[in-house]
>>> print(open('protein-v4.csv').read())   # CSV, N, CA and C atoms and all ligand atoms
chain,number,residue,atom,x,y,z
M,1,MET,N,96.5,75.5,86.4
M,1,MET,CA,96.9,75.6,85.0
M,1,MET,C,98.1,76.6,84.9
M,2,ARG,N,99.2,76.2,84.7
M,2,ARG,CA,100.4,77.0,84.6
M,2,ARG,C,101.2,76.6,83.4
M,3,VAL,N,101.6,77.5,82.6
M,3,VAL,CA,102.5,77.2,81.4
M,3,VAL,C,103.9,77.1,81.9
M,4,CYS,N,104.4,75.9,81.8
M,4,CYS,CA,105.8,75.6,82.3
M,4,CYS,C,106.8,75.4,81.1
M,5,ARG,N,106.2,74.9,80.0
M,5,ARG,CA,107.1,74.7,78.8
M,5,ARG,C,106.6,75.4,77.6
M,6,HIS,N,107.5,75.9,76.8
M,6,HIS,CA,107.1,76.6,75.6
M,6,HIS,C,108.2,76.4,74.6
M,7,PRO,N,107.9,76.2,73.3
M,7,PRO,CA,109.0,75.9,72.4
M,7,PRO,C,110.0,77.1,72.2
M,8,ILE,N,109.6,78.3,72.5
M,8,ILE,CA,110.5,79.4,72.2
M,8,ILE,C,110.9,80.1,73.5
M,9,LEU,N,110.0,80.3,74.4
M,9,LEU,CA,110.2,81.1,75.6
M,9,LEU,C,110.7,80.2,76.8
M,10,THR,N,111.4,80.8,77.7
M,10,THR,CA,111.7,80.1,78.9
M,10,THR,C,111.0,80.8,80.1
M,11,PHE,N,110.7,80.0,81.1
M,11,PHE,CA,110.0,80.5,82.3
M,11,PHE,C,110.9,80.1,83.5
M,12,PRO,N,111.7,81.0,84.0
M,12,PRO,CA,112.5,80.7,85.2
M,12,PRO,C,111.5,80.5,86.4
M,13,GLU,N,111.7,79.4,87.1
M,13,GLU,CA,110.8,79.2,88.2
M,13,GLU,C,111.2,80.0,89.4
M,14,GLY,N,110.4,80.9,89.8
M,14,GLY,CA,110.6,81.7,91.0
M,14,GLY,C,110.3,81.0,92.3
M,15,LYS,N,110.8,81.5,93.4
M,15,LYS,CA,110.5,81.0,94.7
M,15,LYS,C,109.0,80.9,95.0
M,16,ARG,N,108.5,79.9,95.6
M,16,ARG,CA,107.1,79.8,96.0
M,16,ARG,C,106.8,80.8,97.1
M,17,ILE,N,105.7,81.6,96.9
M,17,ILE,CA,105.3,82.6,97.9
M,17,ILE,C,103.8,82.5,98.0
M,18,LEU,N,103.4,83.1,99.1
M,18,LEU,CA,101.9,83.1,99.4
M,18,LEU,C,101.4,84.5,99.2
M,19,PHE,N,100.1,84.6,98.7
M,19,PHE,CA,99.4,85.8,98.5
M,19,PHE,C,98.0,85.6,98.8
M,20,SER,N,97.2,86.6,99.0
M,20,SER,CA,95.8,86.4,99.3
M,20,SER,C,94.9,87.0,98.1
M,21,PHE,N,93.9,86.3,97.8
M,21,PHE,CA,92.9,86.8,96.8
M,21,PHE,C,91.5,86.6,97.5
M,22,GLU,N,90.8,87.7,97.6
M,22,GLU,CA,89.5,87.8,98.3
M,22,GLU,C,89.6,87.1,99.7
M,23,GLY,N,90.7,87.3,100.3
M,23,GLY,CA,90.8,86.9,101.7
M,23,GLY,C,91.3,85.4,101.8
M,24,LYS,N,91.4,84.7,100.7
M,24,LYS,CA,91.9,83.3,100.8
M,24,LYS,C,93.3,83.3,100.4
M,25,GLU,N,94.1,82.4,101.0
M,25,GLU,CA,95.5,82.3,100.7
M,25,GLU,C,95.8,81.4,99.5
M,26,PHE,N,96.7,81.8,98.6
M,26,PHE,CA,97.1,81.0,97.5
M,26,PHE,C,98.6,81.1,97.4
M,27,GLU,N,99.1,80.1,96.6
M,27,GLU,CA,100.6,80.1,96.4
M,27,GLU,C,100.9,80.5,94.9
M,28,GLY,N,101.9,81.3,94.8
M,28,GLY,CA,102.4,81.7,93.4
M,28,GLY,C,103.9,81.6,93.4
M,29,ARG,N,104.4,82.1,92.3
M,29,ARG,CA,105.8,82.1,92.1
M,29,ARG,C,106.3,83.6,92.1
M,30,GLU,N,107.4,83.8,92.9
M,30,GLU,CA,107.9,85.2,93.0
M,30,GLU,C,108.2,85.8,91.6
M,31,ARG,N,107.8,87.0,91.4
M,31,ARG,CA,108.0,87.8,90.2
M,31,ARG,C,107.2,87.4,89.0
M,32,GLU,N,106.3,86.4,89.1
M,32,GLU,CA,105.5,86.1,88.0
M,32,GLU,C,104.4,87.2,88.0
M,33,PRO,N,103.7,87.4,86.8
M,33,PRO,CA,102.6,88.4,86.8
M,33,PRO,C,101.5,87.9,87.7
M,34,ILE,N,100.9,88.8,88.4
M,34,ILE,CA,99.8,88.4,89.3
M,34,ILE,C,98.7,87.6,88.5
M,35,ALA,N,98.4,88.0,87.3
M,35,ALA,CA,97.4,87.3,86.5
M,35,ALA,C,97.8,85.9,86.3
M,36,ALA,N,99.1,85.6,86.1
M,36,ALA,CA,99.5,84.2,85.9
M,36,ALA,C,99.3,83.4,87.2
M,37,ALA,N,99.5,84.0,88.3
M,37,ALA,CA,99.3,83.3,89.6
M,37,ALA,C,97.8,83.0,89.8
M,38,LEU,N,97.0,84.0,89.5
M,38,LEU,CA,95.6,83.8,89.6
M,38,LEU,C,95.0,82.7,88.7
M,39,LEU,N,95.5,82.7,87.4
M,39,LEU,CA,95.1,81.7,86.5
M,39,LEU,C,95.5,80.3,87.0
M,40,ALA,N,96.7,80.2,87.5
M,40,ALA,CA,97.2,78.9,88.0
M,40,ALA,C,96.3,78.5,89.2
M,41,ALA,N,95.8,79.4,89.9
M,41,ALA,CA,94.9,79.1,91.0
M,41,ALA,C,93.5,78.8,90.6
M,42,GLY,N,93.2,79.0,89.3
M,42,GLY,CA,91.8,78.7,88.8
M,42,GLY,C,90.9,79.9,88.7
M,43,VAL,N,91.5,81.1,89.0
M,43,VAL,CA,90.6,82.3,88.9
M,43,VAL,C,90.6,82.7,87.5
M,44,ARG,N,89.4,82.9,86.9
M,44,ARG,CA,89.2,83.3,85.5
M,44,ARG,C,88.6,84.7,85.4
M,45,VAL,N,87.9,85.2,86.4
M,45,VAL,CA,87.2,86.5,86.3
M,45,VAL,C,88.1,87.5,87.1
M,46,PHE,N,88.6,88.5,86.4
M,46,PHE,CA,89.4,89.5,87.1
M,46,PHE,C,88.7,90.7,87.4
M,47,SER,N,87.7,91.1,86.6
M,47,SER,CA,86.9,92.3,86.8
M,47,SER,C,85.5,92.1,86.2
M,48,ARG,N,84.7,93.2,86.3
M,48,ARG,CA,83.4,93.2,85.8
M,48,ARG,C,83.2,94.5,85.0
M,49,SER,N,82.4,94.4,83.9
M,49,SER,CA,82.2,95.6,83.1
M,49,SER,C,81.4,96.6,84.0
M,50,PRO,N,81.7,97.9,83.9
M,50,PRO,CA,81.1,98.9,84.8
M,50,PRO,C,79.6,98.9,84.7
M,51,LYS,N,79.0,98.8,83.5
M,51,LYS,CA,77.6,99.0,83.3
M,51,LYS,C,76.8,97.8,83.6
M,52,TYR,N,77.1,96.7,83.0
M,52,TYR,CA,76.3,95.5,83.1
M,52,TYR,C,77.0,94.4,84.0
M,53,HIS,N,78.1,94.7,84.5
M,53,HIS,CA,78.8,93.8,85.4
M,53,HIS,C,79.1,92.4,84.8
M,54,ARG,N,79.4,92.4,83.5
M,54,ARG,CA,79.8,91.2,82.8
M,54,ARG,C,81.2,90.8,83.2
M,55,PRO,N,81.5,89.5,83.3
M,55,PRO,CA,82.8,89.1,83.7
M,55,PRO,C,83.9,89.4,82.6
M,56,ARG,N,85.0,89.8,83.1
M,56,ARG,CA,86.2,90.1,82.2
M,56,ARG,C,87.4,89.3,82.8
M,57,GLY,N,88.1,88.8,81.9
M,57,GLY,CA,89.3,88.0,82.3
M,57,GLY,C,90.5,88.5,81.5
M,58,PHE,N,91.5,87.6,81.3
M,58,PHE,CA,92.7,87.9,80.5
M,58,PHE,C,92.2,88.3,79.1
M,59,PHE,N,92.8,89.5,78.6
M,59,PHE,CA,92.5,89.9,77.2
M,59,PHE,C,93.7,90.2,76.5
M,60,CYS,N,94.3,91.3,76.7
M,60,CYS,CA,95.5,91.6,75.9
M,60,CYS,C,96.8,91.0,76.5
M,61,ALA,N,96.8,90.9,77.9
M,61,ALA,CA,98.0,90.4,78.6
M,61,ALA,C,99.2,91.2,78.4
M,62,ALA,N,99.0,92.5,78.0
M,62,ALA,CA,100.2,93.4,77.7
M,62,ALA,C,100.0,94.7,78.3
M,63,GLY,N,99.1,94.9,79.2
M,63,GLY,CA,98.9,96.2,79.9
M,63,GLY,C,98.3,97.3,79.0
M,64,LYS,N,97.5,96.9,78.0
M,64,LYS,CA,97.0,97.8,77.0
M,64,LYS,C,95.4,98.0,77.1
M,65,CYS,N,94.8,97.2,77.9
M,65,CYS,CA,93.3,97.3,78.0
M,65,CYS,C,92.9,97.5,79.5
M,66,THR,N,91.7,97.3,79.8
M,66,THR,CA,91.2,97.5,81.2
M,66,THR,C,90.6,96.2,81.8
M,67,SER,N,90.8,95.1,81.1
M,67,SER,CA,90.2,93.9,81.4
M,67,SER,C,90.6,93.2,82.7
M,68,CYS,N,91.8,93.6,83.2
M,68,CYS,CA,92.4,92.9,84.3
M,68,CYS,C,92.6,93.9,85.5
M,69,LEU,N,91.9,95.0,85.5
M,69,LEU,CA,92.1,95.9,86.6
M,69,LEU,C,91.6,95.3,88.0
M,70,MET,N,92.5,95.4,89.0
M,70,MET,CA,92.1,94.8,90.3
M,70,MET,C,92.7,95.7,91.3
M,71,GLU,N,92.3,95.4,92.6
M,71,GLU,CA,92.8,96.2,93.7
M,71,GLU,C,94.0,95.3,94.3
M,72,VAL,N,95.1,96.0,94.4
M,72,VAL,CA,96.3,95.3,94.9
M,72,VAL,C,96.9,96.1,96.1
M,73,ASN,N,96.9,95.4,97.3
M,73,ASN,CA,97.3,96.1,98.5
M,73,ASN,C,96.7,97.4,98.7
M,74,GLY,N,95.4,97.5,98.4
M,74,GLY,CA,94.6,98.7,98.7
M,74,GLY,C,94.6,99.7,97.6
M,75,VAL,N,95.4,99.4,96.5
M,75,VAL,CA,95.5,100.4,95.4
M,75,VAL,C,94.6,99.9,94.2
M,76,SER,N,93.7,100.7,93.8
M,76,SER,CA,92.8,100.4,92.7
M,76,SER,C,93.4,100.5,91.4
M,77,ASN,N,92.8,99.9,90.4
M,77,ASN,CA,93.1,100.1,88.9
M,77,ASN,C,94.5,99.6,88.6
M,78,VAL,N,95.0,98.5,89.2
M,78,VAL,CA,96.3,97.9,88.9
M,78,VAL,C,96.1,96.9,87.8
M,79,ARG,N,96.9,97.0,86.8
M,79,ARG,CA,96.8,96.0,85.7
M,79,ARG,C,97.6,94.8,86.1
M,80,ILE,N,96.9,93.8,86.5
M,80,ILE,CA,97.6,92.6,87.1
M,80,ILE,C,98.4,91.8,86.1
M,81,CYS,N,98.1,92.0,84.8
M,81,CYS,CA,98.9,91.2,83.8
M,81,CYS,C,100.3,91.7,83.6
M,82,VAL,N,100.6,92.9,84.1
M,82,VAL,CA,101.9,93.4,84.0
M,82,VAL,C,102.5,93.8,85.3
M,83,THR,N,101.9,93.3,86.4
M,83,THR,CA,102.4,93.6,87.7
M,83,THR,C,102.9,92.4,88.4
M,84,SER,N,104.1,92.4,88.9
M,84,SER,CA,104.8,91.2,89.4
M,84,SER,C,104.2,90.9,90.8
M,85,LEU,N,104.1,89.6,91.1
M,85,LEU,CA,103.6,89.1,92.4
M,85,LEU,C,104.7,89.2,93.4
M,86,ASP,N,104.4,89.6,94.6
M,86,ASP,CA,105.3,89.6,95.7
M,86,ASP,C,104.6,88.8,96.9
M,87,GLY,N,105.3,88.3,97.8
M,87,GLY,CA,104.8,87.6,98.9
M,87,GLY,C,103.9,88.5,99.8
M,88,GLY,N,102.8,88.0,100.3
M,88,GLY,CA,101.9,88.8,101.2
M,88,GLY,C,101.0,89.7,100.5
M,89,MET,N,101.0,89.8,99.2
M,89,MET,CA,100.1,90.7,98.5
M,89,MET,C,98.7,90.4,98.8
M,90,LYS,N,97.9,91.5,98.9
M,90,LYS,CA,96.4,91.3,99.1
M,90,LYS,C,95.7,91.8,97.8
M,91,ILE,N,95.1,90.8,97.1
M,91,ILE,CA,94.5,91.1,95.8
M,91,ILE,C,93.0,90.9,96.0
M,92,ARG,N,92.2,91.9,95.4
M,92,ARG,CA,90.8,91.8,95.4
M,92,ARG,C,90.2,92.3,94.1
M,93,THR,N,89.0,91.8,93.8
M,93,THR,CA,88.3,92.4,92.7
M,93,THR,C,87.8,93.8,93.1
M,94,GLN,N,87.7,94.7,92.2
M,94,GLN,CA,87.4,96.1,92.5
M,94,GLN,C,85.9,96.2,92.7
M,95,ARG,N,85.5,97.0,93.7
M,95,ARG,CA,84.1,97.2,94.0
M,95,ARG,C,83.6,98.6,93.6
M,96,ALA,N,84.5,99.5,93.5
M,96,ALA,CA,84.2,100.9,93.2
M,96,ALA,C,84.2,101.1,91.7
M,97,ALA,N,83.6,102.2,91.3
M,97,ALA,CA,83.7,102.5,89.8
M,97,ALA,C,85.1,102.9,89.5
M,98,ARG,N,85.5,102.7,88.3
M,98,ARG,CA,86.8,103.1,87.8
M,98,ARG,C,87.0,104.6,87.8
M,99,GLY,N,88.2,105.0,88.2
M,99,GLY,CA,88.5,106.4,88.0
M,99,GLY,C,89.3,106.6,86.7
M,100,PRO,N,89.6,107.8,86.4
M,100,PRO,CA,90.3,108.1,85.1
M,100,PRO,C,91.7,107.5,85.2
M,101,LYS,N,92.2,107.1,84.1
M,101,LYS,CA,93.6,106.5,84.1
M,101,LYS,C,94.2,106.9,82.8
M,201,LIG,S1,94.7,92.0,80.2
M,201,LIG,FE1,94.8,93.9,79.1
M,201,LIG,S2,95.8,95.2,80.5
M,201,LIG,FE2,95.8,93.3,81.5
>>> encode(input="protein-v4.csv", output="structure tokens")
Amino acid sequence: MRVCRHPILTFPEGKRILFSFEGKEFEGREREPIAAALLAAGVRVFSRSPKYHRPRGFFCAAGKCTSCLMEVNGVSNVRICVTSLDGGMKIRTQRAARGPK
């Protein structure tokens, strides 16, 4: 599922690149948000609530909440809705408790 057409916005198509999510390889477009690449790959759960481990996905899509925090190339607490995808990125759901941000 990828938004390719929009009545107002344009989406320049970036070069196809490979990244990994939970150890599996996926294809995305260079410089698209990581969240967009994961949604296009069918991934809907980006994180879990700290206390009850409820699934969290896309929420604000603007870098203003904590719904999409993931581990990217070993760095925790990355907001993937506002972080661009690069080839070879290693993306994982976080397993540790969140630190202050
Ligand atoms: S979805 Fe809210 S910060 Fe990414």
>>> residues_around(input="protein-v4.csv", residues="segment 19-30 of chain M", least_positions_apart="3", cutoff="6 Å", atoms="only N, CA and C atoms", output="ChimeraX atom specification")
/M:14-16,37,85-93
>>> residues_near_ligand(input="protein-v4.csv", ligand="ligand LIG 201 (chain M)", cutoff="7 Å", atoms="only N, CA and C atoms and all ligand atoms", output="number ranges by chain")
M: 57-69, 79-82
>>> residues_near_point(input="protein-v4.csv", point="(95.7, 78.3, 90.5)", cutoff="8 Å", atoms="all atoms listed in the file", output="list in words")
Met1, Arg2, Phe26, Glu27, Ala36, Ala37, Leu38, Leu39, Ala40, Ala41, Gly42 and Val43 of chain M
>>> atom_distance(input="protein-v4.csv", atom1="atom CA of Ser76 of chain M", atom2="atom CA of Leu18 of chain M")
20.7 Å
>>> select_by_dssp(input="protein-v4.csv", residues="chain M", states="helix (DSSP H, G or I)", output="list of chain:residue names")
M:Ile34, M:Ala35, M:Ala36, M:Ala37, M:Leu38, M:Leu39, M:Ala40
>>> atom_distance(input="protein-v4.csv", atom1="atom N of Val75 of chain M", atom2="atom C of Arg54 of chain M")
21.3 Å
>>> atom_distance(input="protein-v4.csv", atom1="atom N of Gly74 of chain M", atom2="atom C of Thr10 of chain M")
29.3 Å
>>> closest_residue(input="protein-v4.csv", among="M:Glu71, M:Cys4, M:Glu32, M:Glu13", to="Phe46 of chain M", atoms="all atoms listed in the file")
M:Glu71
>>> select_by_dssp(input="protein-v4.csv", residues="chain M", states="strand (DSSP E)", output="number ranges by chain")
M: 16-21, 24-29, 47-48, 55-56, 69-72, 75-79, 90-92
>>> write_last_selection(input="protein-v4.csv", atoms="N, CA and C atoms", output="PDB file, in the frame of the given file")
ATOM      1  N   ARG M  16     108.500  79.900  95.600  1.00  0.00           N
ATOM      2  CA  ARG M  16     107.100  79.800  96.000  1.00  0.00           C
ATOM      3  C   ARG M  16     106.800  80.800  97.100  1.00  0.00           C
ATOM      4  N   ILE M  17     105.700  81.600  96.900  1.00  0.00           N
ATOM      5  CA  ILE M  17     105.300  82.600  97.900  1.00  0.00           C
ATOM      6  C   ILE M  17     103.800  82.500  98.000  1.00  0.00           C
ATOM      7  N   LEU M  18     103.400  83.100  99.100  1.00  0.00           N
ATOM      8  CA  LEU M  18     101.900  83.100  99.400  1.00  0.00           C
ATOM      9  C   LEU M  18     101.400  84.500  99.200  1.00  0.00           C
ATOM     10  N   PHE M  19     100.100  84.600  98.700  1.00  0.00           N
ATOM     11  CA  PHE M  19      99.400  85.800  98.500  1.00  0.00           C
ATOM     12  C   PHE M  19      98.000  85.600  98.800  1.00  0.00           C
ATOM     13  N   SER M  20      97.200  86.600  99.000  1.00  0.00           N
ATOM     14  CA  SER M  20      95.800  86.400  99.300  1.00  0.00           C
ATOM     15  C   SER M  20      94.900  87.000  98.100  1.00  0.00           C
ATOM     16  N   PHE M  21      93.900  86.300  97.800  1.00  0.00           N
ATOM     17  CA  PHE M  21      92.900  86.800  96.800  1.00  0.00           C
ATOM     18  C   PHE M  21      91.500  86.600  97.500  1.00  0.00           C
ATOM     19  N   LYS M  24      91.400  84.700 100.700  1.00  0.00           N
ATOM     20  CA  LYS M  24      91.900  83.300 100.800  1.00  0.00           C
ATOM     21  C   LYS M  24      93.300  83.300 100.400  1.00  0.00           C
ATOM     22  N   GLU M  25      94.100  82.400 101.000  1.00  0.00           N
ATOM     23  CA  GLU M  25      95.500  82.300 100.700  1.00  0.00           C
ATOM     24  C   GLU M  25      95.800  81.400  99.500  1.00  0.00           C
ATOM     25  N   PHE M  26      96.700  81.800  98.600  1.00  0.00           N
ATOM     26  CA  PHE M  26      97.100  81.000  97.500  1.00  0.00           C
ATOM     27  C   PHE M  26      98.600  81.100  97.400  1.00  0.00           C
ATOM     28  N   GLU M  27      99.100  80.100  96.600  1.00  0.00           N
ATOM     29  CA  GLU M  27     100.600  80.100  96.400  1.00  0.00           C
ATOM     30  C   GLU M  27     100.900  80.500  94.900  1.00  0.00           C
ATOM     31  N   GLY M  28     101.900  81.300  94.800  1.00  0.00           N
ATOM     32  CA  GLY M  28     102.400  81.700  93.400  1.00  0.00           C
ATOM     33  C   GLY M  28     103.900  81.600  93.400  1.00  0.00           C
ATOM     34  N   ARG M  29     104.400  82.100  92.300  1.00  0.00           N
ATOM     35  CA  ARG M  29     105.800  82.100  92.100  1.00  0.00           C
ATOM     36  C   ARG M  29     106.300  83.600  92.100  1.00  0.00           C
ATOM     37  N   SER M  47      87.700  91.100  86.600  1.00  0.00           N
ATOM     38  CA  SER M  47      86.900  92.300  86.800  1.00  0.00           C
ATOM     39  C   SER M  47      85.500  92.100  86.200  1.00  0.00           C
ATOM     40  N   ARG M  48      84.700  93.200  86.300  1.00  0.00           N
ATOM     41  CA  ARG M  48      83.400  93.200  85.800  1.00  0.00           C
ATOM     42  C   ARG M  48      83.200  94.500  85.000  1.00  0.00           C
ATOM     43  N   PRO M  55      81.500  89.500  83.300  1.00  0.00           N
ATOM     44  CA  PRO M  55      82.800  89.100  83.700  1.00  0.00           C
ATOM     45  C   PRO M  55      83.900  89.400  82.600  1.00  0.00           C
ATOM     46  N   ARG M  56      85.000  89.800  83.100  1.00  0.00           N
ATOM     47  CA  ARG M  56      86.200  90.100  82.200  1.00  0.00           C
ATOM     48  C   ARG M  56      87.400  89.300  82.800  1.00  0.00           C
ATOM     49  N   LEU M  69      91.900  95.000  85.500  1.00  0.00           N
ATOM     50  CA  LEU M  69      92.100  95.900  86.600  1.00  0.00           C
ATOM     51  C   LEU M  69      91.600  95.300  88.000  1.00  0.00           C
ATOM     52  N   MET M  70      92.500  95.400  89.000  1.00  0.00           N
ATOM     53  CA  MET M  70      92.100  94.800  90.300  1.00  0.00           C
ATOM     54  C   MET M  70      92.700  95.700  91.300  1.00  0.00           C
ATOM     55  N   GLU M  71      92.300  95.400  92.600  1.00  0.00           N
ATOM     56  CA  GLU M  71      92.800  96.200  93.700  1.00  0.00           C
ATOM     57  C   GLU M  71      94.000  95.300  94.300  1.00  0.00           C
ATOM     58  N   VAL M  72      95.100  96.000  94.400  1.00  0.00           N
ATOM     59  CA  VAL M  72      96.300  95.300  94.900  1.00  0.00           C
ATOM     60  C   VAL M  72      96.900  96.100  96.100  1.00  0.00           C
ATOM     61  N   VAL M  75      95.400  99.400  96.500  1.00  0.00           N
ATOM     62  CA  VAL M  75      95.500 100.400  95.400  1.00  0.00           C
ATOM     63  C   VAL M  75      94.600  99.900  94.200  1.00  0.00           C
ATOM     64  N   SER M  76      93.700 100.700  93.800  1.00  0.00           N
ATOM     65  CA  SER M  76      92.800 100.400  92.700  1.00  0.00           C
ATOM     66  C   SER M  76      93.400 100.500  91.400  1.00  0.00           C
ATOM     67  N   ASN M  77      92.800  99.900  90.400  1.00  0.00           N
ATOM     68  CA  ASN M  77      93.100 100.100  88.900  1.00  0.00           C
ATOM     69  C   ASN M  77      94.500  99.600  88.600  1.00  0.00           C
ATOM     70  N   VAL M  78      95.000  98.500  89.200  1.00  0.00           N
ATOM     71  CA  VAL M  78      96.300  97.900  88.900  1.00  0.00           C
ATOM     72  C   VAL M  78      96.100  96.900  87.800  1.00  0.00           C
ATOM     73  N   ARG M  79      96.900  97.000  86.800  1.00  0.00           N
ATOM     74  CA  ARG M  79      96.800  96.000  85.700  1.00  0.00           C
ATOM     75  C   ARG M  79      97.600  94.800  86.100  1.00  0.00           C
ATOM     76  N   LYS M  90      97.900  91.500  98.900  1.00  0.00           N
ATOM     77  CA  LYS M  90      96.400  91.300  99.100  1.00  0.00           C
ATOM     78  C   LYS M  90      95.700  91.800  97.800  1.00  0.00           C
ATOM     79  N   ILE M  91      95.100  90.800  97.100  1.00  0.00           N
ATOM     80  CA  ILE M  91      94.500  91.100  95.800  1.00  0.00           C
ATOM     81  C   ILE M  91      93.000  90.900  96.000  1.00  0.00           C
ATOM     82  N   ARG M  92      92.200  91.900  95.400  1.00  0.00           N
ATOM     83  CA  ARG M  92      90.800  91.800  95.400  1.00  0.00           C
ATOM     84  C   ARG M  92      90.200  92.300  94.100  1.00  0.00           C
TER      85      ARG M  92
END
>>> decode(input="protein-v4.csv", residues="segment 5-12 of chain M", atoms="all heavy atoms", output="PDB file, in the first residue's frame")
ATOM      1  N   ARG M   5      -0.564   8.783  -5.912  1.00  0.00           N
ATOM      2  CA  ARG M   5      -1.264   9.917  -6.515  1.00  0.00           C
ATOM      3  C   ARG M   5      -2.019  10.673  -5.437  1.00  0.00           C
ATOM      4  O   ARG M   5      -2.593  10.066  -4.531  1.00  0.00           O
ATOM      5  CB  ARG M   5      -2.265   9.446  -7.558  1.00  0.00           C
ATOM      6  CG  ARG M   5      -1.655   8.932  -8.792  1.00  0.00           C
ATOM      7  CD  ARG M   5      -2.746   8.589  -9.738  1.00  0.00           C
ATOM      8  NE  ARG M   5      -2.209   8.144 -10.999  1.00  0.00           N
ATOM      9  CZ  ARG M   5      -2.940   7.896 -12.027  1.00  0.00           C
ATOM     10  NH1 ARG M   5      -4.246   8.036 -11.963  1.00  0.00           N
ATOM     11  NH2 ARG M   5      -2.392   7.500 -13.143  1.00  0.00           N
ATOM     12  N   HIS M   6      -2.020  11.974  -5.569  1.00  0.00           N
ATOM     13  CA  HIS M   6      -2.719  12.828  -4.620  1.00  0.00           C
ATOM     14  C   HIS M   6      -3.183  14.057  -5.378  1.00  0.00           C
ATOM     15  O   HIS M   6      -2.455  14.549  -6.251  1.00  0.00           O
ATOM     16  CB  HIS M   6      -1.771  13.215  -3.475  1.00  0.00           C
ATOM     17  CG  HIS M   6      -2.461  13.873  -2.328  1.00  0.00           C
ATOM     18  ND1 HIS M   6      -2.753  15.208  -2.324  1.00  0.00           N
ATOM     19  CD2 HIS M   6      -2.899  13.375  -1.161  1.00  0.00           C
ATOM     20  CE1 HIS M   6      -3.354  15.503  -1.182  1.00  0.00           C
ATOM     21  NE2 HIS M   6      -3.460  14.411  -0.464  1.00  0.00           N
ATOM     22  N   PRO M   7      -4.372  14.588  -5.099  1.00  0.00           N
ATOM     23  CA  PRO M   7      -4.860  15.731  -5.874  1.00  0.00           C
ATOM     24  C   PRO M   7      -4.061  17.014  -5.667  1.00  0.00           C
ATOM     25  O   PRO M   7      -4.091  17.892  -6.531  1.00  0.00           O
ATOM     26  CB  PRO M   7      -6.304  15.898  -5.383  1.00  0.00           C
ATOM     27  CG  PRO M   7      -6.381  15.156  -4.103  1.00  0.00           C
ATOM     28  CD  PRO M   7      -5.344  14.085  -4.152  1.00  0.00           C
ATOM     29  N   ILE M   8      -3.340  17.132  -4.569  1.00  0.00           N
ATOM     30  CA  ILE M   8      -2.596  18.363  -4.296  1.00  0.00           C
ATOM     31  C   ILE M   8      -1.096  18.132  -4.232  1.00  0.00           C
ATOM     32  O   ILE M   8      -0.314  18.899  -4.775  1.00  0.00           O
ATOM     33  CB  ILE M   8      -3.079  18.991  -2.964  1.00  0.00           C
ATOM     34  CG1 ILE M   8      -4.566  19.325  -3.036  1.00  0.00           C
ATOM     35  CG2 ILE M   8      -2.274  20.238  -2.640  1.00  0.00           C
ATOM     36  CD1 ILE M   8      -5.174  19.700  -1.714  1.00  0.00           C
ATOM     37  N   LEU M   9      -0.681  17.070  -3.579  1.00  0.00           N
ATOM     38  CA  LEU M   9       0.740  16.813  -3.348  1.00  0.00           C
ATOM     39  C   LEU M   9       1.341  15.995  -4.483  1.00  0.00           C
ATOM     40  O   LEU M   9       0.643  15.250  -5.167  1.00  0.00           O
ATOM     41  CB  LEU M   9       0.928  16.053  -2.032  1.00  0.00           C
ATOM     42  CG  LEU M   9       0.350  16.729  -0.787  1.00  0.00           C
ATOM     43  CD1 LEU M   9       0.447  15.777   0.399  1.00  0.00           C
ATOM     44  CD2 LEU M   9       1.069  18.030  -0.514  1.00  0.00           C
ATOM     45  N   THR M  10       2.639  16.110  -4.643  1.00  0.00           N
ATOM     46  CA  THR M  10       3.354  15.254  -5.588  1.00  0.00           C
ATOM     47  C   THR M  10       4.328  14.389  -4.807  1.00  0.00           C
ATOM     48  O   THR M  10       4.834  14.788  -3.762  1.00  0.00           O
ATOM     49  CB  THR M  10       4.126  16.072  -6.632  1.00  0.00           C
ATOM     50  OG1 THR M  10       5.051  16.919  -5.954  1.00  0.00           O
ATOM     51  CG2 THR M  10       3.195  16.894  -7.494  1.00  0.00           C
ATOM     52  N   PHE M  11       4.579  13.220  -5.313  1.00  0.00           N
ATOM     53  CA  PHE M  11       5.485  12.284  -4.663  1.00  0.00           C
ATOM     54  C   PHE M  11       6.563  11.875  -5.667  1.00  0.00           C
ATOM     55  O   PHE M  11       6.348  10.950  -6.445  1.00  0.00           O
ATOM     56  CB  PHE M  11       4.737  11.043  -4.178  1.00  0.00           C
ATOM     57  CG  PHE M  11       3.623  11.354  -3.215  1.00  0.00           C
ATOM     58  CD1 PHE M  11       2.307  11.364  -3.646  1.00  0.00           C
ATOM     59  CD2 PHE M  11       3.895  11.653  -1.897  1.00  0.00           C
ATOM     60  CE1 PHE M  11       1.273  11.642  -2.764  1.00  0.00           C
ATOM     61  CE2 PHE M  11       2.874  11.944  -1.013  1.00  0.00           C
ATOM     62  CZ  PHE M  11       1.564  11.939  -1.446  1.00  0.00           C
ATOM     63  N   PRO M  12       7.699  12.563  -5.649  1.00  0.00           N
ATOM     64  CA  PRO M  12       8.761  12.152  -6.562  1.00  0.00           C
ATOM     65  C   PRO M  12       9.205  10.729  -6.236  1.00  0.00           C
ATOM     66  O   PRO M  12       9.392  10.396  -5.063  1.00  0.00           O
ATOM     67  CB  PRO M  12       9.881  13.154  -6.299  1.00  0.00           C
ATOM     68  CG  PRO M  12       9.542  13.830  -5.031  1.00  0.00           C
ATOM     69  CD  PRO M  12       8.088  13.662  -4.788  1.00  0.00           C
TER      70      PRO M  12
END
